[in-house]
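Next comes run13.cif, with mmCIF, C-alpha atoms.
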data_input
#
loop_
_atom_site.group_PDB
_atom_site.id
_atom_site.type_symbol
_atom_site.label_atom_id
_atom_site.label_comp_id
_atom_site.auth_asym_id
_atom_site.auth_seq_id
_atom_site.Cartn_x
_atom_site.Cartn_y
_atom_site.Cartn_z
ATOM 1 C CA MET A 236 -35.103 -14.281 33.294
ATOM 2 C CA GLU A 237 -36.158 -10.996 31.640
ATOM 3 C CA ILE A 238 -34.746 -11.929 28.201
ATOM 4 C CA ASN A 239 -36.670 -15.201 28.048
ATOM 5 C CA LYS A 240 -39.883 -13.360 28.935
ATOM 6 C CA GLN A 241 -39.229 -10.848 26.154
ATOM 7 C CA ILE A 242 -38.495 -13.647 23.662
ATOM 8 C CA GLU A 243 -41.778 -15.363 24.590
ATOM 9 C CA LYS A 244 -43.679 -12.082 24.185
ATOM 10 C CA ALA A 245 -41.971 -11.502 20.825
ATOM 11 C CA LYS A 246 -43.064 -14.981 19.714
ATOM 12 C CA GLN A 247 -46.635 -13.814 20.423
ATOM 13 C CA GLY A 248 -46.063 -10.821 18.115
ATOM 14 C CA ASP A 249 -45.526 -8.212 20.852
ATOM 15 C CA GLN A 250 -43.911 -5.151 19.180
ATOM 16 C CA VAL A 251 -42.589 -3.765 22.486
ATOM 17 C CA ALA A 252 -40.744 -7.047 23.068
ATOM 18 C CA PHE A 253 -39.270 -6.853 19.531
ATOM 19 C CA THR A 254 -38.039 -3.338 20.261
ATOM 20 C CA PHE A 255 -36.563 -4.475 23.584
ATOM 21 C CA LEU A 256 -34.700 -7.385 21.910
ATOM 22 C CA LEU A 257 -33.481 -5.165 19.087
ATOM 23 C CA ASP A 258 -32.136 -2.589 21.562
ATOM 24 C CA TYR A 259 -30.661 -5.233 23.842
ATOM 25 C CA TYR A 260 -28.784 -7.169 21.121
ATOM 26 C CA TRP A 261 -28.156 -4.482 18.463
ATOM 27 C CA ASN A 262 -24.653 -3.489 19.620
ATOM 28 C CA GLU A 263 -23.495 -7.090 19.915
ATOM 29 C CA VAL A 264 -24.647 -8.077 16.406
ATOM 30 C CA TYR A 265 -23.534 -4.772 14.885
ATOM 31 C CA GLY A 266 -20.124 -4.967 16.599
ATOM 32 C CA PHE A 267 -19.633 -8.531 15.403
ATOM 33 C CA MET A 268 -20.473 -7.595 11.799
ATOM 34 C CA LEU A 269 -18.373 -4.420 11.928
ATOM 35 C CA LYS A 270 -15.324 -6.529 12.831
ATOM 36 C CA ARG A 271 -16.131 -8.907 9.981
ATOM 37 C CA THR A 272 -16.965 -6.356 7.288
ATOM 38 C CA GLU A 273 -14.855 -3.378 8.439
ATOM 39 C CA ASN A 274 -17.577 -1.238 6.855
ATOM 40 C CA GLU A 275 -20.180 0.649 8.918
ATOM 41 C CA THR A 276 -22.842 0.758 6.196
ATOM 42 C CA ASN A 277 -22.553 -2.967 5.426
ATOM 43 C CA ALA A 278 -22.523 -3.813 9.130
ATOM 44 C CA GLU A 279 -25.687 -1.734 9.620
ATOM 45 C CA ASP A 280 -27.446 -3.273 6.618
ATOM 46 C CA ILE A 281 -26.557 -6.795 7.723
ATOM 47 C CA THR A 282 -27.667 -6.073 11.294
ATOM 48 C CA ILE A 283 -31.070 -4.657 10.316
ATOM 49 C CA GLU A 284 -31.574 -7.562 7.893
ATOM 50 C CA THR A 285 -30.599 -9.957 10.694
ATOM 51 C CA PHE A 286 -33.261 -8.570 13.028
ATOM 52 C CA SER A 287 -35.812 -8.538 10.227
ATOM 53 C CA LYS A 288 -35.176 -12.233 9.517
ATOM 54 C CA ALA A 289 -35.024 -13.079 13.232
ATOM 55 C CA PHE A 290 -38.400 -11.446 13.855
ATOM 56 C CA ASP A 291 -39.910 -13.178 10.802
ATOM 57 C CA LYS A 292 -38.626 -16.527 12.035
ATOM 58 C CA ILE A 293 -38.800 -16.053 15.802
ATOM 59 C CA ALA A 294 -41.317 -18.887 16.097
ATOM 60 C CA THR A 295 -38.544 -21.238 14.931
ATOM 61 C CA TYR A 296 -36.081 -20.024 17.584
ATOM 62 C CA ASN A 297 -34.825 -23.008 19.586
ATOM 63 C CA SER A 298 -34.120 -22.104 23.217
ATOM 64 C CA GLU A 299 -31.327 -24.734 23.331
ATOM 65 C CA PHE A 300 -29.240 -21.989 21.727
ATOM 66 C CA GLN A 301 -28.506 -18.641 23.359
ATOM 67 C CA PHE A 302 -30.594 -15.983 21.620
ATOM 68 C CA ASN A 303 -27.460 -13.986 20.740
ATOM 69 C CA THR A 304 -25.868 -17.137 19.218
ATOM 70 C CA TRP A 305 -28.961 -17.543 17.051
ATOM 71 C CA LEU A 306 -28.810 -13.872 15.976
ATOM 72 C CA ILE A 307 -25.080 -14.110 15.157
ATOM 73 C CA ALA A 308 -25.745 -17.244 13.073
ATOM 74 C CA ILE A 309 -28.408 -15.360 11.110
ATOM 75 C CA ALA A 310 -26.014 -12.406 10.715
ATOM 76 C CA LYS A 311 -23.282 -14.697 9.342
ATOM 77 C CA ASN A 312 -25.720 -16.100 6.804
ATOM 78 C CA VAL A 313 -26.967 -12.659 5.761
ATOM 79 C CA HIS A 314 -23.320 -11.659 5.288
ATOM 80 C CA ILE A 315 -22.563 -14.793 3.237
ATOM 81 C CA ASP A 316 -25.620 -14.109 1.060
ATOM 82 C CA LEU A 317 -24.517 -10.494 0.599
ATOM 83 C CA LEU A 318 -21.061 -11.616 -0.496
ATOM 84 C CA ARG A 319 -22.552 -14.136 -2.916
ATOM 85 C CA LYS A 320 -24.830 -11.464 -4.353
ATOM 86 C CA LYS A 321 -21.939 -9.083 -4.833
ATOM 87 C CA LYS A 322 -19.850 -11.951 -6.201
ATOM 88 C CA SER A 323 -17.210 -10.146 -4.229
ATOM 89 C CA SER A 324 -13.588 -11.008 -4.781
ATOM 90 C CA LEU A 325 -13.018 -10.459 -1.072
ATOM 91 C CA PHE A 326 -11.900 -13.643 0.568
ATOM 92 C CA VAL A 327 -13.945 -14.409 3.633
ATOM 93 C CA GLU A 328 -12.611 -17.023 5.946
ATOM 94 C CA ILE A 329 -15.480 -19.311 6.845
ATOM 95 C CA THR A 330 -14.719 -22.783 8.003
ATOM 96 C CA GLU A 331 -16.931 -25.573 6.688
ATOM 97 C CA GLU A 332 -18.054 -26.399 10.194
ATOM 98 C CA GLU A 333 -18.923 -22.804 11.097
ATOM 99 C CA ASP A 334 -20.757 -22.387 7.812
ATOM 100 C CA GLN A 335 -22.754 -25.579 8.342
ATOM 101 C CA GLN A 336 -23.518 -24.741 11.960
ATOM 102 C CA ALA A 337 -24.803 -21.318 10.973
ATOM 103 C CA TYR A 338 -27.114 -22.810 8.362
ATOM 104 C CA ASN A 339 -28.403 -25.379 10.842
ATOM 105 C CA ILE A 340 -29.365 -22.667 13.297
ATOM 106 C CA ALA A 341 -31.079 -20.251 10.934
ATOM 107 C CA ASP A 342 -32.840 -20.419 7.598
ATOM 108 C CA THR A 343 -31.290 -17.780 5.340
ATOM 109 C CA THR A 344 -33.489 -17.601 2.299
ATOM 110 C CA PRO A 345 -34.361 -13.983 1.493
ATOM 111 C CA SER A 346 -37.616 -13.067 3.204
ATOM 112 C CA ALA A 347 -40.789 -12.930 1.144
ATOM 113 C CA GLU A 348 -40.691 -9.143 1.600
ATOM 114 C CA ASP A 349 -37.178 -8.867 0.166
ATOM 115 C CA GLU A 350 -38.073 -10.939 -2.873
ATOM 116 C CA LEU A 351 -41.305 -9.049 -3.553
ATOM 117 C CA ILE A 352 -39.704 -5.644 -3.176
ATOM 118 C CA THR A 353 -36.653 -6.397 -5.324
ATOM 119 C CA GLU A 354 -38.657 -7.801 -8.212
ATOM 120 C CA GLN A 355 -40.722 -4.616 -8.663
ATOM 121 C CA ASN A 356 -39.736 -2.107 -11.309
ATOM 122 C CA LEU A 357 -38.960 1.367 -10.014
ATOM 123 C CA SER A 358 -42.101 3.177 -11.181
ATOM 124 C CA ARG A 359 -44.389 0.512 -9.693
ATOM 125 C CA LEU A 360 -42.328 0.471 -6.511
ATOM 126 C CA LEU A 361 -42.696 4.263 -6.162
ATOM 127 C CA GLN A 362 -46.484 3.924 -6.617
ATOM 128 C CA PHE A 363 -46.594 1.317 -3.858
ATOM 129 C CA ILE A 364 -44.425 3.459 -1.567
ATOM 130 C CA LYS A 365 -46.928 6.333 -1.988
ATOM 131 C CA GLU A 366 -49.557 4.103 -0.341
ATOM 132 C CA LEU A 367 -47.547 3.917 2.886
ATOM 133 C CA LYS A 368 -48.174 6.400 5.711
ATOM 134 C CA PRO A 369 -45.947 9.481 5.297
ATOM 135 C CA HIS A 370 -43.564 8.552 8.156
ATOM 136 C CA TYR A 371 -42.929 5.142 6.545
ATOM 137 C CA GLN A 372 -42.496 6.729 3.102
ATOM 138 C CA GLU A 373 -39.904 9.041 4.608
ATOM 139 C CA VAL A 374 -37.703 6.346 6.175
ATOM 140 C CA ILE A 375 -37.848 4.151 3.043
ATOM 141 C CA GLN A 376 -36.963 7.165 0.907
ATOM 142 C CA LEU A 377 -34.070 8.261 3.144
ATOM 143 C CA ARG A 378 -32.653 4.744 3.483
ATOM 144 C CA TYR A 379 -33.033 3.298 0.003
ATOM 145 C CA PHE A 380 -33.059 6.313 -2.279
ATOM 146 C CA GLN A 381 -30.780 8.728 -0.399
ATOM 147 C CA GLU A 382 -28.771 5.817 1.075
ATOM 148 C CA MET A 383 -28.525 7.426 4.509
ATOM 149 C CA SER A 384 -27.232 5.441 7.471
ATOM 150 C CA TYR A 385 -29.625 4.645 10.312
ATOM 151 C CA GLN A 386 -27.884 7.271 12.461
ATOM 152 C CA GLU A 387 -28.223 9.911 9.730
ATOM 153 C CA ILE A 388 -31.941 9.115 9.443
ATOM 154 C CA ALA A 389 -32.343 9.311 13.245
ATOM 155 C CA ASN A 390 -30.672 12.756 13.216
ATOM 156 C CA LYS A 391 -32.715 13.967 10.241
ATOM 157 C CA ILE A 392 -36.113 12.948 11.637
ATOM 158 C CA ASP A 393 -35.049 13.661 15.226
ATOM 159 C CA GLU A 394 -35.961 10.251 16.596
ATOM 160 C CA PRO A 395 -34.022 7.628 18.566
ATOM 161 C CA LEU A 396 -32.020 5.120 16.529
ATOM 162 C CA SER A 397 -34.142 2.194 17.774
ATOM 163 C CA ASN A 398 -37.314 3.892 16.429
ATOM 164 C CA VAL A 399 -35.699 4.281 13.015
ATOM 165 C CA LYS A 400 -34.770 0.581 12.927
ATOM 166 C CA ILE A 401 -38.278 -0.512 13.912
ATOM 167 C CA LYS A 402 -39.884 1.908 11.419
ATOM 168 C CA LEU A 403 -37.780 0.475 8.607
ATOM 169 C CA LEU A 404 -38.690 -3.097 9.548
ATOM 170 C CA ARG A 405 -42.397 -2.200 9.603
ATOM 171 C CA ALA A 406 -42.192 -0.152 6.416
ATOM 172 C CA LYS A 407 -40.654 -3.105 4.525
ATOM 173 C CA LYS A 408 -43.359 -5.449 5.825
ATOM 174 C CA LEU A 409 -46.179 -3.030 4.942
ATOM 175 C CA LEU A 410 -44.698 -2.389 1.513
ATOM 176 C CA ALA A 411 -44.544 -6.133 0.844
ATOM 177 C CA GLU A 412 -48.197 -6.494 1.909
ATOM 178 C CA ILE A 413 -49.231 -3.703 -0.487
ATOM 179 C CA ILE A 414 -47.327 -5.379 -3.343
ATOM 180 C CA GLN A 415 -48.882 -8.751 -2.488
ATOM 181 C CA ASN A 416 -52.418 -7.301 -2.479
ATOM 182 C CA LYS A 417 -51.915 -5.623 -5.878
ATOM 183 C CA ARG A 418 -50.918 -8.834 -7.621
#
As C-alpha cells, please, write out the structure in this file.
Amino acid sequence: MEINKQIEKAKQGDQVAFTFLLDYYWNEVYGFMLKRTENETNAEDITIETFSKAFDKIATYNSEFQFNTWLIAIAKNVHIDLLRKKKSSLFVEITEEEDQQAYNIADTTPSAEDELITEQNLSRLLQFIKELKPHYQEVIQLRYFQEMSYQEIANKIDEPLSNVKIKLLRAKKLLAEIIQNKR
C-alpha cells in the first residue's frame, strides 16, 4: 500500500515522504483537534507540533497501530501538555483508559528543539534566528513574533500551506541545531 511505502521512506529520512504524510493526514488530525479545542489557532499549533513529534519519533512507530491512530494519540498528548502548561481551568474529559492508551502509543516529552528554543532569552534567540536562511527567518518571525496562522503565512509568502508547515518544522530543527552548536 502507498501509505506504508511512504512511512518506510519517511523512516529513512525522506523529506518528500514526510511532506506526503503531512498532506495526507493533516486534515484528519487538524479536524480532530478543532473539535476538541474549538479554537483554530490552538488546533493548528497542536497539529504542527504533532507532526513535528511524529517525524522526530517516526523510527518508534509501531505498524500494529494505524498511522492515523498513532498521530491522533500524539495529538491528544500534545493537547494534554498544552492544557497542563496553561494550567487551564477548562475541564477536558479524558478517560483514564484513553489517557493511558495515548501515552503508551506515543512519547510526549517536549522535543529537544522545543526545550532548547524555549530556554533561550529573547536577545540570544534573535541572534540565533539571524543565522537561519532568510526564508526560514521569515516563517519563524511571522509565526512566533507576529503570531500569524499557517494560512495567513501561506497567503503572505504566496506558497502552499503544506510548504509553510514543512518550512516551520525545518526552521525549528535548524534553530535548535544552531543553539546546540553555540553552547
Exercise. If I put a ball of radius 8 Å at (-35.4, 13.3, 7.2) in the file's coordinates, which residues poke into it when counting only C-alpha atoms, written as a list in words?
Worked result: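 Residues with an atom close enough to that point: Glu373, Val374, Leu377, Ile388, Ala389, Asn390, Lys391 and Ile392 of chain A.
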For this structure, which residues satisfy the selection - the PyMOL selection byres ((chain A and resi 370) around 12) - when it is evaluated on the file as given? I want them as an mmCIF file with C-alpha atoms, keeping the file's coordinate frame.
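Writing done, so here's expr.cif:
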data_model
loop_
_atom_site.group_PDB
_atom_site.id
_atom_site.type_symbol
_atom_site.label_atom_id
_atom_site.label_comp_id
_atom_site.auth_asym_id
_atom_site.auth_seq_id
_atom_site.Cartn_x
_atom_site.Cartn_y
_atom_site.Cartn_z
ATOM 1 C CA ILE A 364 -44.425 3.459 -1.567
ATOM 2 C CA LYS A 365 -46.928 6.333 -1.988
ATOM 3 C CA GLU A 366 -49.557 4.103 -0.341
ATOM 4 C CA LEU A 367 -47.547 3.917 2.886
ATOM 5 C CA LYS A 368 -48.174 6.400 5.711
ATOM 6 C CA PRO A 369 -45.947 9.481 5.297
ATOM 7 C CA TYR A 371 -42.929 5.142 6.545
ATOM 8 C CA GLN A 372 -42.496 6.729 3.102
ATOM 9 C CA GLU A 373 -39.904 9.041 4.608
ATOM 10 C CA VAL A 374 -37.703 6.346 6.175
ATOM 11 C CA ILE A 375 -37.848 4.151 3.043
ATOM 12 C CA GLN A 376 -36.963 7.165 0.907
ATOM 13 C CA LEU A 377 -34.070 8.261 3.144
ATOM 14 C CA ILE A 388 -31.941 9.115 9.443
ATOM 15 C CA ILE A 392 -36.113 12.948 11.637
ATOM 16 C CA GLU A 394 -35.961 10.251 16.596
ATOM 17 C CA ASN A 398 -37.314 3.892 16.429
ATOM 18 C CA VAL A 399 -35.699 4.281 13.015
ATOM 19 C CA ILE A 401 -38.278 -0.512 13.912
ATOM 20 C CA LYS A 402 -39.884 1.908 11.419
ATOM 21 C CA LEU A 403 -37.780 0.475 8.607
ATOM 22 C CA ARG A 405 -42.397 -2.200 9.603
ATOM 23 C CA ALA A 406 -42.192 -0.152 6.416
#
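Across A:Phe302, A:Tyr385, A:Phe380, A:Phe363, the tightest approach to A:Phe290 is made by A:Phe302 when counting all atoms listed in the file.
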Stretch 255-268 of chain A, all listed atoms, 4 Å padding on each side: what axis-aligned box centre and edge lengths in Å to one decimal come out, as lines of an AutoDock Vina configuration file?
center_x = -28.1
center_y = -5.6
center_z = 17.8
size_x = 24.9
size_y = 13.9
size_z = 20.0
Nearest residue to A:Lys292 out of A:Lys246, A:His314, A:Lys270, A:Lys320, using all atoms listed in the file?
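Smallest distance to A:Lys292 is found for A:Lys246.
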With distances taken over only C-alpha atoms, the candidate from A:Glu243, A:Asp258, A:Asp280, A:Asp249 nearest A:Ser298 is A:Glu243
Original post:
Just so the selection is clear, what residues does the PyMOL selection byres ((chain A and resi 281) around 8) cover here, as a list in words?
Top reply: Met268, Asn277, Ala278, Glu279, Asp280, Thr282, Ile283, Glu284, Thr285, Ala310, Val313 and His314 of chain A
